[in-house]
file entry34.cif (mmCIF, C-alpha atoms and all ligand atoms)
data_start
#
loop_
_atom_site.label_atom_id
_atom_site.label_comp_id
_atom_site.auth_asym_id
_atom_site.auth_seq_id
_atom_site.Cartn_x
_atom_site.Cartn_y
_atom_site.Cartn_z
CA MET O 1 34.95 -64.89 50.25
CA PRO O 2 35.39 -64.76 46.43
CA LYS O 3 35.29 -61.34 44.77
CA ALA O 4 32.33 -60.35 42.60
CA HIS O 5 33.19 -60.75 38.91
CA CYS O 6 32.62 -57.51 36.98
CA SER O 7 32.60 -56.87 33.22
CA THR O 8 32.08 -53.61 31.33
CA LEU O 9 30.49 -53.09 27.92
CA ARG O 10 30.05 -49.94 25.83
CA LEU O 11 26.54 -50.05 24.35
CA THR O 12 26.12 -49.72 20.58
CA PRO O 13 22.87 -49.12 18.65
CA GLY O 14 22.88 -52.86 17.86
CA HIS O 15 22.64 -53.73 21.56
CA LEU O 16 19.40 -51.75 21.79
CA ARG O 17 17.99 -53.31 18.62
CA GLU O 18 18.74 -56.97 18.39
CA GLU O 19 22.09 -58.00 19.88
CA GLY O 20 22.05 -59.88 23.17
CA LEU O 21 23.17 -57.99 26.25
CA PRO O 22 25.46 -59.67 28.79
CA SER O 23 23.67 -61.17 31.78
CA ALA O 24 24.45 -60.05 35.33
CA GLU O 25 23.63 -63.54 36.58
CA GLY O 26 26.32 -64.64 39.04
CA GLY O 27 28.20 -61.31 38.87
CA THR O 28 28.14 -57.65 37.89
CA VAL O 29 27.90 -55.96 34.50
CA VAL O 30 28.49 -52.29 33.83
CA LEU O 31 26.96 -50.82 30.69
CA LEU O 32 28.35 -47.56 29.40
CA ALA O 33 26.31 -45.47 26.97
CA ASN O 34 26.73 -42.26 25.05
CA LEU O 35 23.18 -40.86 25.06
CA THR O 36 23.83 -38.65 22.01
CA GLU O 37 25.14 -41.53 19.92
CA LEU O 38 22.17 -43.71 20.92
CA ALA O 39 19.56 -40.95 20.49
CA ARG O 40 17.81 -42.59 17.53
CA GLU O 41 17.41 -45.95 19.31
CA LEU O 42 16.43 -44.29 22.59
CA ALA O 43 13.63 -42.38 20.84
CA HIS O 44 11.87 -45.75 20.39
CA LEU O 45 12.18 -46.58 24.10
CA LEU O 46 10.76 -43.41 25.63
CA GLU O 47 7.25 -44.80 26.14
CA VAL O 48 8.49 -46.93 29.06
CA VAL O 49 9.26 -43.83 31.16
CA SER O 50 6.66 -43.27 33.91
CA THR O 51 4.62 -40.11 34.44
CA ASP O 52 6.53 -39.41 37.68
CA GLU O 53 9.86 -39.68 35.87
CA LEU O 54 8.64 -37.30 33.15
CA LEU O 55 7.40 -34.80 35.74
CA TYR O 56 10.76 -35.00 37.53
CA ALA O 57 12.61 -34.38 34.26
CA GLN O 58 10.37 -31.42 33.47
CA SER O 59 11.37 -29.82 36.78
CA LEU O 60 15.02 -29.79 35.64
CA CYS O 61 16.72 -27.19 33.48
CA GLU O 62 16.30 -27.67 29.75
CA SER O 63 19.94 -28.61 29.11
CA VAL O 64 19.70 -31.84 31.13
CA ARG O 65 16.00 -32.67 30.71
CA ASN O 66 16.39 -34.81 27.59
CA GLN O 67 19.41 -36.62 28.96
CA VAL O 68 17.55 -37.51 32.14
CA ILE O 69 14.52 -38.79 30.21
CA CYS O 70 16.77 -40.84 27.89
CA SER O 71 18.75 -42.21 30.83
CA ARG O 72 15.55 -43.31 32.60
CA ALA O 73 14.32 -45.00 29.42
CA LEU O 74 17.64 -46.78 28.96
CA LEU O 75 17.76 -47.87 32.61
CA ARG O 76 14.25 -49.33 32.38
CA PHE O 77 15.09 -51.05 29.08
CA LEU O 78 18.27 -52.63 30.53
CA LEU O 79 16.54 -53.75 33.74
CA GLY O 80 13.59 -55.10 31.77
CA GLN O 81 15.91 -57.10 29.48
CA GLN O 82 17.88 -58.44 32.42
CA LEU O 83 14.77 -59.53 34.33
CA ALA O 84 12.74 -60.51 31.25
CA VAL O 85 9.85 -58.28 32.35
CA ASP O 86 8.00 -55.34 30.81
CA ALA O 87 10.23 -52.28 31.32
CA ALA O 88 7.25 -49.98 31.93
CA SER O 89 6.02 -52.17 34.80
CA LEU O 90 9.17 -51.74 36.93
CA ARG O 91 8.73 -49.85 40.18
CA PHE O 92 11.39 -48.24 42.35
CA ALA O 93 11.85 -47.35 46.00
CA CYS O 94 14.32 -44.85 47.40
CA GLY O 95 16.71 -45.47 50.34
CA PRO O 96 17.12 -42.94 53.19
CA HIS O 97 19.90 -41.12 51.30
CA GLY O 98 18.29 -41.33 47.89
CA LYS O 99 19.64 -44.62 46.51
CA PRO O 100 17.02 -46.11 44.19
CA GLU O 101 16.28 -49.84 44.25
CA LEU O 102 13.87 -52.17 42.48
CA ILE O 103 10.67 -53.21 44.20
CA GLY O 104 10.00 -56.95 43.95
CA HIS O 105 13.29 -57.99 42.32
CA GLN O 106 16.64 -59.03 43.81
CA LEU O 107 18.75 -57.39 41.09
CA ALA O 108 20.81 -54.48 42.48
CA PHE O 109 21.59 -51.52 40.25
CA ASN O 110 23.13 -48.09 40.32
CA THR O 111 23.57 -45.34 37.74
CA SER O 112 25.78 -42.35 37.07
CA ARG O 113 25.75 -39.62 34.41
CA SER O 114 28.36 -37.13 33.24
CA ASP O 115 27.01 -34.93 30.40
CA ASP O 116 25.78 -37.38 27.79
CA THR O 117 27.70 -40.34 29.19
CA PHE O 118 25.55 -42.68 31.24
CA ALA O 119 26.64 -45.76 33.19
CA VAL O 120 24.44 -48.49 34.62
CA ALA O 121 25.82 -51.18 36.93
CA LEU O 122 23.73 -54.32 37.50
CA ALA O 123 24.63 -56.86 40.17
CA SER O 124 22.98 -60.17 40.96
CA ARG O 125 24.72 -60.31 44.35
CA GLY O 126 25.57 -57.66 46.93
CA GLN O 127 25.23 -53.89 46.71
CA VAL O 128 26.62 -51.99 43.75
CA GLY O 129 27.73 -48.41 43.14
CA VAL O 130 28.99 -46.76 39.97
CA ASP O 131 30.45 -43.38 39.07
CA VAL O 132 31.41 -42.00 35.68
CA GLU O 133 33.24 -38.76 34.91
CA LYS O 134 34.58 -37.11 31.78
CA PHE O 135 38.31 -36.45 32.09
CA ARG O 136 38.79 -32.71 32.61
CA PRO O 137 40.97 -30.45 34.75
CA ILE O 138 39.35 -30.10 38.19
CA SER O 139 40.00 -26.75 39.82
CA GLY O 140 40.76 -27.12 43.51
CA TYR O 141 41.59 -30.83 43.26
CA GLU O 142 44.51 -30.31 45.67
CA GLU O 143 42.21 -29.05 48.47
CA ILE O 144 39.65 -31.79 47.82
CA THR O 145 42.43 -34.37 48.02
CA ARG O 146 43.85 -32.95 51.27
CA GLY O 147 40.35 -32.92 52.79
CA PHE O 148 38.63 -36.03 51.49
CA LEU O 149 41.23 -38.26 49.82
CA ARG O 150 43.87 -38.21 52.55
CA ASN O 151 44.72 -41.91 52.17
CA GLU O 152 45.13 -41.56 48.42
CA ALA O 153 47.07 -38.25 48.40
CA PRO O 154 50.40 -39.99 47.53
CA ILE O 155 48.78 -41.42 44.38
CA VAL O 156 47.15 -38.13 43.35
CA PHE O 157 50.21 -35.99 44.01
CA SER O 158 52.68 -38.08 42.02
CA GLY O 159 53.84 -37.28 38.50
CA PRO O 160 53.25 -34.25 36.27
CA GLU O 161 50.21 -31.96 36.53
CA GLU O 162 48.16 -33.61 33.75
CA ARG O 163 48.63 -37.04 35.31
CA ARG O 164 47.57 -35.66 38.71
CA HIS O 165 44.20 -34.53 37.33
CA ARG O 166 43.65 -37.98 35.81
CA SER O 167 44.71 -39.78 38.99
CA PHE O 168 42.40 -37.53 40.99
CA LEU O 169 39.40 -38.42 38.81
CA ARG O 170 40.24 -42.13 38.89
CA ILE O 171 40.39 -42.05 42.69
CA TRP O 172 37.31 -39.85 42.96
CA THR O 173 35.19 -42.20 40.84
CA CYS O 174 36.31 -45.13 43.04
CA LYS O 175 35.38 -43.20 46.19
CA GLU O 176 31.95 -42.29 44.81
CA ALA O 177 31.31 -45.84 43.60
CA VAL O 178 32.01 -47.16 47.12
CA VAL O 179 29.81 -44.67 48.97
CA LYS O 180 27.05 -45.16 46.39
CA ALA O 181 27.26 -48.95 46.81
CA ILE O 182 26.44 -48.69 50.51
CA GLY O 183 23.75 -46.09 49.75
CA LEU O 184 25.17 -43.28 51.89
CA GLY O 185 26.43 -41.21 48.97
CA LEU O 186 28.54 -38.23 49.92
CA THR O 187 27.16 -38.27 53.47
CA ALA O 188 29.67 -41.13 54.07
CA PRO O 189 33.16 -40.38 55.47
CA LEU O 190 35.38 -40.53 52.40
CA ASN O 191 38.49 -41.02 54.56
CA GLY O 192 36.90 -44.09 56.16
CA PHE O 193 38.42 -46.36 53.53
CA ALA O 194 41.47 -46.36 51.28
CA VAL O 195 41.53 -46.88 47.52
CA SER O 196 44.48 -48.36 45.65
CA LEU O 197 44.57 -48.48 41.86
CA ASP O 198 47.12 -51.06 40.70
CA PRO O 199 45.35 -53.39 41.20
CA PRO O 200 42.08 -51.68 42.15
CA ALA O 201 41.20 -52.48 45.77
CA ILE O 202 39.39 -51.09 48.82
CA THR O 203 40.78 -51.23 52.35
CA PRO O 204 38.12 -50.54 55.01
CA LEU O 205 39.33 -48.22 57.80
CA GLN O 206 35.99 -47.58 59.53
CA PRO O 207 33.26 -50.08 60.52
CA GLU O 208 30.67 -49.00 57.93
CA PHE O 209 33.07 -50.10 55.18
CA ASN O 210 33.82 -53.55 56.66
CA ARG O 211 32.58 -55.53 53.67
CA HIS O 212 34.07 -57.81 51.02
CA TRP O 213 34.75 -55.35 48.22
CA SER O 214 35.32 -55.74 44.50
CA LEU O 215 36.46 -52.65 42.62
CA GLU O 216 36.74 -52.12 38.88
CA THR O 217 38.12 -49.02 37.16
CA VAL O 218 37.83 -48.45 33.43
CA ILE O 219 39.23 -45.76 31.17
CA ASP O 220 37.36 -45.55 27.86
CA GLY O 221 38.49 -42.64 25.68
CA ASP O 222 37.74 -39.44 27.60
CA VAL O 223 35.67 -41.26 30.21
CA VAL O 224 36.72 -42.74 33.54
CA LEU O 225 34.42 -45.11 35.35
CA ALA O 226 34.52 -47.06 38.60
CA ALA O 227 32.17 -49.76 39.87
CA ALA O 228 32.25 -51.12 43.42
CA VAL O 229 30.44 -54.17 44.76
CA ALA O 230 30.04 -54.88 48.47
CA LEU O 231 29.26 -58.47 49.46
C1 LIG P 1 24.52 -39.97 45.27
C2 LIG P 1 25.47 -38.84 44.95
C3 LIG P 1 26.87 -39.26 45.37
C4 LIG P 1 25.36 -38.64 43.43
O1 LIG P 1 26.41 -37.89 42.95
P1 LIG P 1 26.52 -37.22 41.49
O2 LIG P 1 27.95 -37.33 41.08
O3 LIG P 1 25.89 -35.89 41.53
O4 LIG P 1 25.59 -38.04 40.52
P2 LIG P 1 25.76 -39.38 39.68
O5 LIG P 1 25.35 -39.08 38.28
O6 LIG P 1 27.06 -40.08 39.87
O7 LIG P 1 24.65 -40.35 40.34
C5 LIG P 1 23.30 -39.98 40.34
C6 LIG P 1 22.47 -41.23 40.57
O8 LIG P 1 22.88 -41.89 41.77
C7 LIG P 1 21.74 -42.52 42.35
N1 LIG P 1 21.72 -42.13 43.76
C8 LIG P 1 21.10 -41.08 44.36
N2 LIG P 1 21.35 -41.09 45.69
C9 LIG P 1 22.13 -42.16 45.93
C10 LIG P 1 22.72 -42.71 47.10
N3 LIG P 1 22.57 -42.17 48.30
N4 LIG P 1 23.49 -43.83 46.98
C11 LIG P 1 23.66 -44.40 45.77
N5 LIG P 1 23.13 -43.93 44.63
C12 LIG P 1 22.37 -42.82 44.69
C13 LIG P 1 20.52 -42.09 41.57
O9 LIG P 1 20.18 -43.13 40.67
C14 LIG P 1 21.02 -40.89 40.78
O10 LIG P 1 20.39 -40.76 39.53
P3 LIG P 1 19.23 -39.64 39.31
O11 LIG P 1 19.86 -38.34 39.71
O12 LIG P 1 18.93 -39.74 37.86
O13 LIG P 1 18.13 -40.06 40.21
C15 LIG P 1 25.09 -37.54 45.70
O14 LIG P 1 23.93 -37.01 45.14
C16 LIG P 1 24.83 -37.79 47.18
O15 LIG P 1 25.74 -37.91 47.96
N6 LIG P 1 23.58 -37.90 47.61
C17 LIG P 1 23.26 -38.28 48.99
C18 LIG P 1 23.06 -37.07 49.84
C19 LIG P 1 21.79 -37.16 50.61
O16 LIG P 1 21.72 -37.74 51.66
N7 LIG P 1 20.73 -36.62 50.03
C20 LIG P 1 19.45 -36.70 50.65
C21 LIG P 1 18.47 -36.90 49.53
S1 LIG P 1 17.10 -37.89 50.08
#
call {"tool": "encode", "arguments": {"input": "entry34.cif", "output": "structure tokens"}}
result
Amino acid sequence: MPKAHCSTLRLTPGHLREEGLPSAEGGTVVLLANLTELARELAHLLEVVSTDELLYAQSLCESVRNQVICSRALLRFLLGQQLAVDAASLRFACGPHGKPELIGHQLAFNTSRSDDTFAVALASRGQVGVDVEKFRPISGYEEITRGFLRNEAPIVFSGPEERRHRSFLRIWTCKEAVVKAIGLGLTAPLNGFAVSLDPPAITPLQPEFNRHWSLETVIDGDVVLAAAVAL
């Protein structure tokens, strides 16, 4: 079976004003946004956010509230553009482990946020998962690797300390993207599949991961992102 084609684009203010966005038709697109840089454009999109989404955001601590509202507005805008429908009219359902999906449309999507960096993956075929992280030292990464990234430990534990932290985050984003694609999130057994990076690939080791996988990893400045598609 052919792999799902995946392309990544960093959104600029122009994309939210007049420039055409890439279509997910026939493949997968990942859109990466800095919510602070896009604040002015996002302010014009906020009216598409539903009352439920606003109430949810209000239940969160103040430091993340605005980012969550902006990310919901941006998600609705991107989905609305992709489907050529009114962004405010989109409705969502939630899977048993919390994965949101569109009601009444085939387009699959997934989102991830790290501070003010927000990623949206849109896929016309299969199930998609995305994870984004800011590069930073992760305390306890050795224990996490020995527990949950056993297949990838040789990659994480090679090279100098700084490279190990980066390798850890690259692997971790791939792991999260995979378990988010199948909707299980971190309830899935992370050692049930193996990630390789050069080139990015998934090897299923347990039945729940027996799918045709496409994996993309992107490093963009201080951000690392992975998107996984299961066909
Ligand atoms: C999904 C999960 C991996 C997210 O991890 P994270 O690094 O904290 O967050 P990210 O920013 O990468 O992703 C968050 C987004 O993933 C999506 N998401 C939530 N649950 C998901 C799931 N099971 N599978 C895929 N995507 C999911 C949502 O869109 C969420 O955005 P929101 O918080 O604005 O609603 C983690 O929360 C998890 O494992 N959840 C499942 C655990 C469970 O069973 N919970 C029961 C709740 S019903």
call {"tool": "residues_near_ligand", "arguments": {"input": "entry34.cif", "ligand": "ligand LIG 1 (chain P)", "cutoff": "6 Å", "atoms": "all atoms listed in the file", "output": "PyMOL selection string"}}
result
chain O and resi 96-100+110-113+131+176+180-181+183-187
call {"tool": "closest_residue", "arguments": {"input": "entry34.cif", "among": "O:Ser71, O:Ser167, O:Ser7, O:Ser158", "to": "O:Ala33", "atoms": "all atoms listed in the file"}}
result
O:Ser71
call {"tool": "residues_around", "arguments": {"input": "entry34.cif", "residues": "O:Thr117", "least_positions_apart": "2", "cutoff": "12 Å", "atoms": "all atoms listed in the file", "output": "count of residues only"}}
result
35
call {"tool": "atom_distance", "arguments": {"input": "entry34.cif", "atom1": "atom CA of O:Leu102", "atom2": "atom CA of O:Phe193"}}
result
27.5 Å
call {"tool": "atom_distance", "arguments": {"input": "entry34.cif", "atom1": "atom CA of O:Ala24", "atom2": "atom CA of O:Leu79"}}
result
10.2 Å
call {"tool": "axis_aligned_box", "arguments": {"input": "entry34.cif", "around": "stretch 176-183 of chain O", "padding_each_side": "4 Å", "output": "AutoDock Vina command-line options"}}
result
--center_x 27.9 --center_y -45.6 --center_z 47.1 --size_x 16.3 --size_y 14.7 --size_z 14.9
call {"tool": "closest_residue", "arguments": {"input": "entry34.cif", "among": "O:Val229, O:Leu42, O:Ala201, O:Leu9", "to": "O:Gly129", "atoms": "only C-alpha atoms"}}
result
O:Val229
call {"tool": "atom_distance", "arguments": {"input": "entry34.cif", "atom1": "atom CA of O:Arg170", "atom2": "atom CA of O:Thr217"}}
result
7.4 Å
call {"tool": "residues_around", "arguments": {"input": "entry34.cif", "residues": "O:Gly104", "least_positions_apart": "3", "cutoff": "12 Å", "atoms": "all atoms listed in the file", "output": "mmCIF file with C-alpha atoms, in the frame of the given file"}}
result
data_model
loop_
_atom_site.group_PDB
_atom_site.id
_atom_site.type_symbol
_atom_site.label_atom_id
_atom_site.label_comp_id
_atom_site.auth_asym_id
_atom_site.auth_seq_id
_atom_site.Cartn_x
_atom_site.Cartn_y
_atom_site.Cartn_z
ATOM 1 C CA LEU O 83 14.770 -59.530 34.330
ATOM 2 C CA VAL O 85 9.850 -58.280 32.350
ATOM 3 C CA SER O 89 6.020 -52.170 34.800
ATOM 4 C CA LEU O 90 9.170 -51.740 36.930
ATOM 5 C CA ARG O 91 8.730 -49.850 40.180
ATOM 6 C CA PHE O 92 11.390 -48.240 42.350
ATOM 7 C CA ALA O 93 11.850 -47.350 46.000
ATOM 8 C CA GLU O 101 16.280 -49.840 44.250
ATOM 9 C CA LEU O 107 18.750 -57.390 41.090
ATOM 10 C CA ALA O 108 20.810 -54.480 42.480
#
call {"tool": "closest_residue", "arguments": {"input": "entry34.cif", "among": "O:Arg76, O:Pro137, O:Thr8, O:Ile202", "to": "O:Ile219", "atoms": "all atoms listed in the file"}}
result
O:Thr8
call {"tool": "residues_near_point", "arguments": {"input": "entry34.cif", "point": "(44.4, -43.1, 52.6)", "cutoff": "10 Å", "atoms": "all atoms listed in the file", "output": "PyMOL selection string"}}
result
chain O and resi 148-155+190-196+203+205
call {"tool": "closest_residue", "arguments": {"input": "entry34.cif", "among": "O:Asp198, O:Glu53, O:Glu208, O:Glu161", "to": "O:Val179", "atoms": "only C-alpha atoms"}}
result
O:Glu208
call {"tool": "closest_residue", "arguments": {"input": "entry34.cif", "among": "O:Glu142, O:Glu25, O:Glu47, O:Glu41", "to": "O:Ser124", "atoms": "all atoms listed in the file"}}
result
O:Glu25
call {"tool": "residues_around", "arguments": {"input": "entry34.cif", "residues": "O:Arg136", "least_positions_apart": "6", "cutoff": "9 Å", "atoms": "all atoms listed in the file", "output": "ChimeraX atom specification"}}
result
/O:165-166,169,222
call {"tool": "closest_residue", "arguments": {"input": "entry34.cif", "among": "O:Gly140, O:Pro200, O:Pro13, O:Pro22", "to": "O:His44", "atoms": "only C-alpha atoms"}}
result
O:Pro13
call {"tool": "build_atoms", "arguments": {"input": "entry34.cif", "residues": "stretch 124-146 of chain O", "atoms": "N, CA and C atoms", "output": "tab-separated table (two decimals), in the coordinates of the input"}}
result
chain	number	residue	atom	x	y	z
O	124	SER	N	23.90	-59.14	40.47
O	124	SER	CA	22.98	-60.17	40.96
O	124	SER	C	23.24	-60.48	42.43
O	125	ARG	N	24.41	-60.08	42.93
O	125	ARG	CA	24.72	-60.31	44.35
O	125	ARG	C	25.28	-59.02	44.95
O	126	GLY	N	24.96	-58.78	46.21
O	126	GLY	CA	25.57	-57.66	46.93
O	126	GLY	C	24.97	-56.31	46.56
O	127	GLN	N	25.65	-55.26	46.99
O	127	GLN	CA	25.23	-53.89	46.71
O	127	GLN	C	26.23	-53.29	45.74
O	128	VAL	N	25.73	-52.50	44.79
O	128	VAL	CA	26.62	-51.99	43.75
O	128	VAL	C	26.54	-50.46	43.68
O	129	GLY	N	27.68	-49.85	43.36
O	129	GLY	CA	27.73	-48.41	43.14
O	129	GLY	C	28.58	-48.14	41.91
O	130	VAL	N	28.21	-47.10	41.16
O	130	VAL	CA	28.99	-46.76	39.97
O	130	VAL	C	29.15	-45.26	39.88
O	131	ASP	N	30.27	-44.82	39.33
O	131	ASP	CA	30.45	-43.38	39.07
O	131	ASP	C	31.19	-43.23	37.76
O	132	VAL	N	30.74	-42.28	36.95
O	132	VAL	CA	31.41	-42.00	35.68
O	132	VAL	C	31.70	-40.51	35.61
O	133	GLU	N	32.86	-40.17	35.08
O	133	GLU	CA	33.24	-38.76	34.91
O	133	GLU	C	33.94	-38.62	33.57
O	134	LYS	N	33.77	-37.45	32.94
O	134	LYS	CA	34.58	-37.11	31.78
O	134	LYS	C	35.91	-36.57	32.29
O	135	PHE	N	37.01	-37.01	31.70
O	135	PHE	CA	38.31	-36.45	32.09
O	135	PHE	C	38.32	-34.96	31.79
O	136	ARG	N	38.68	-34.17	32.77
O	136	ARG	CA	38.79	-32.71	32.61
O	136	ARG	C	39.61	-32.18	33.76
O	137	PRO	N	40.25	-31.02	33.61
O	137	PRO	CA	40.97	-30.45	34.75
O	137	PRO	C	39.97	-30.06	35.84
O	138	ILE	N	40.25	-30.41	37.08
O	138	ILE	CA	39.35	-30.10	38.19
O	138	ILE	C	40.00	-29.01	39.03
O	139	SER	N	39.39	-27.81	39.02
O	139	SER	CA	40.00	-26.75	39.82
O	139	SER	C	39.80	-27.07	41.30
O	140	GLY	N	40.85	-26.85	42.08
O	140	GLY	CA	40.76	-27.12	43.51
O	140	GLY	C	40.94	-28.58	43.88
O	141	TYR	N	41.46	-29.40	42.94
O	141	TYR	CA	41.59	-30.83	43.26
O	141	TYR	C	42.57	-31.06	44.40
O	142	GLU	N	43.54	-30.13	44.57
O	142	GLU	CA	44.51	-30.31	45.67
O	142	GLU	C	43.81	-30.23	47.02
O	143	GLU	N	42.92	-29.22	47.19
O	143	GLU	CA	42.21	-29.05	48.47
O	143	GLU	C	41.27	-30.23	48.72
O	144	ILE	N	40.58	-30.65	47.66
O	144	ILE	CA	39.65	-31.79	47.82
O	144	ILE	C	40.45	-33.02	48.26
O	145	THR	N	41.60	-33.20	47.67
O	145	THR	CA	42.43	-34.37	48.02
O	145	THR	C	42.89	-34.28	49.48
O	146	ARG	N	43.37	-33.09	49.88
O	146	ARG	CA	43.85	-32.95	51.27
O	146	ARG	C	42.70	-33.15	52.27
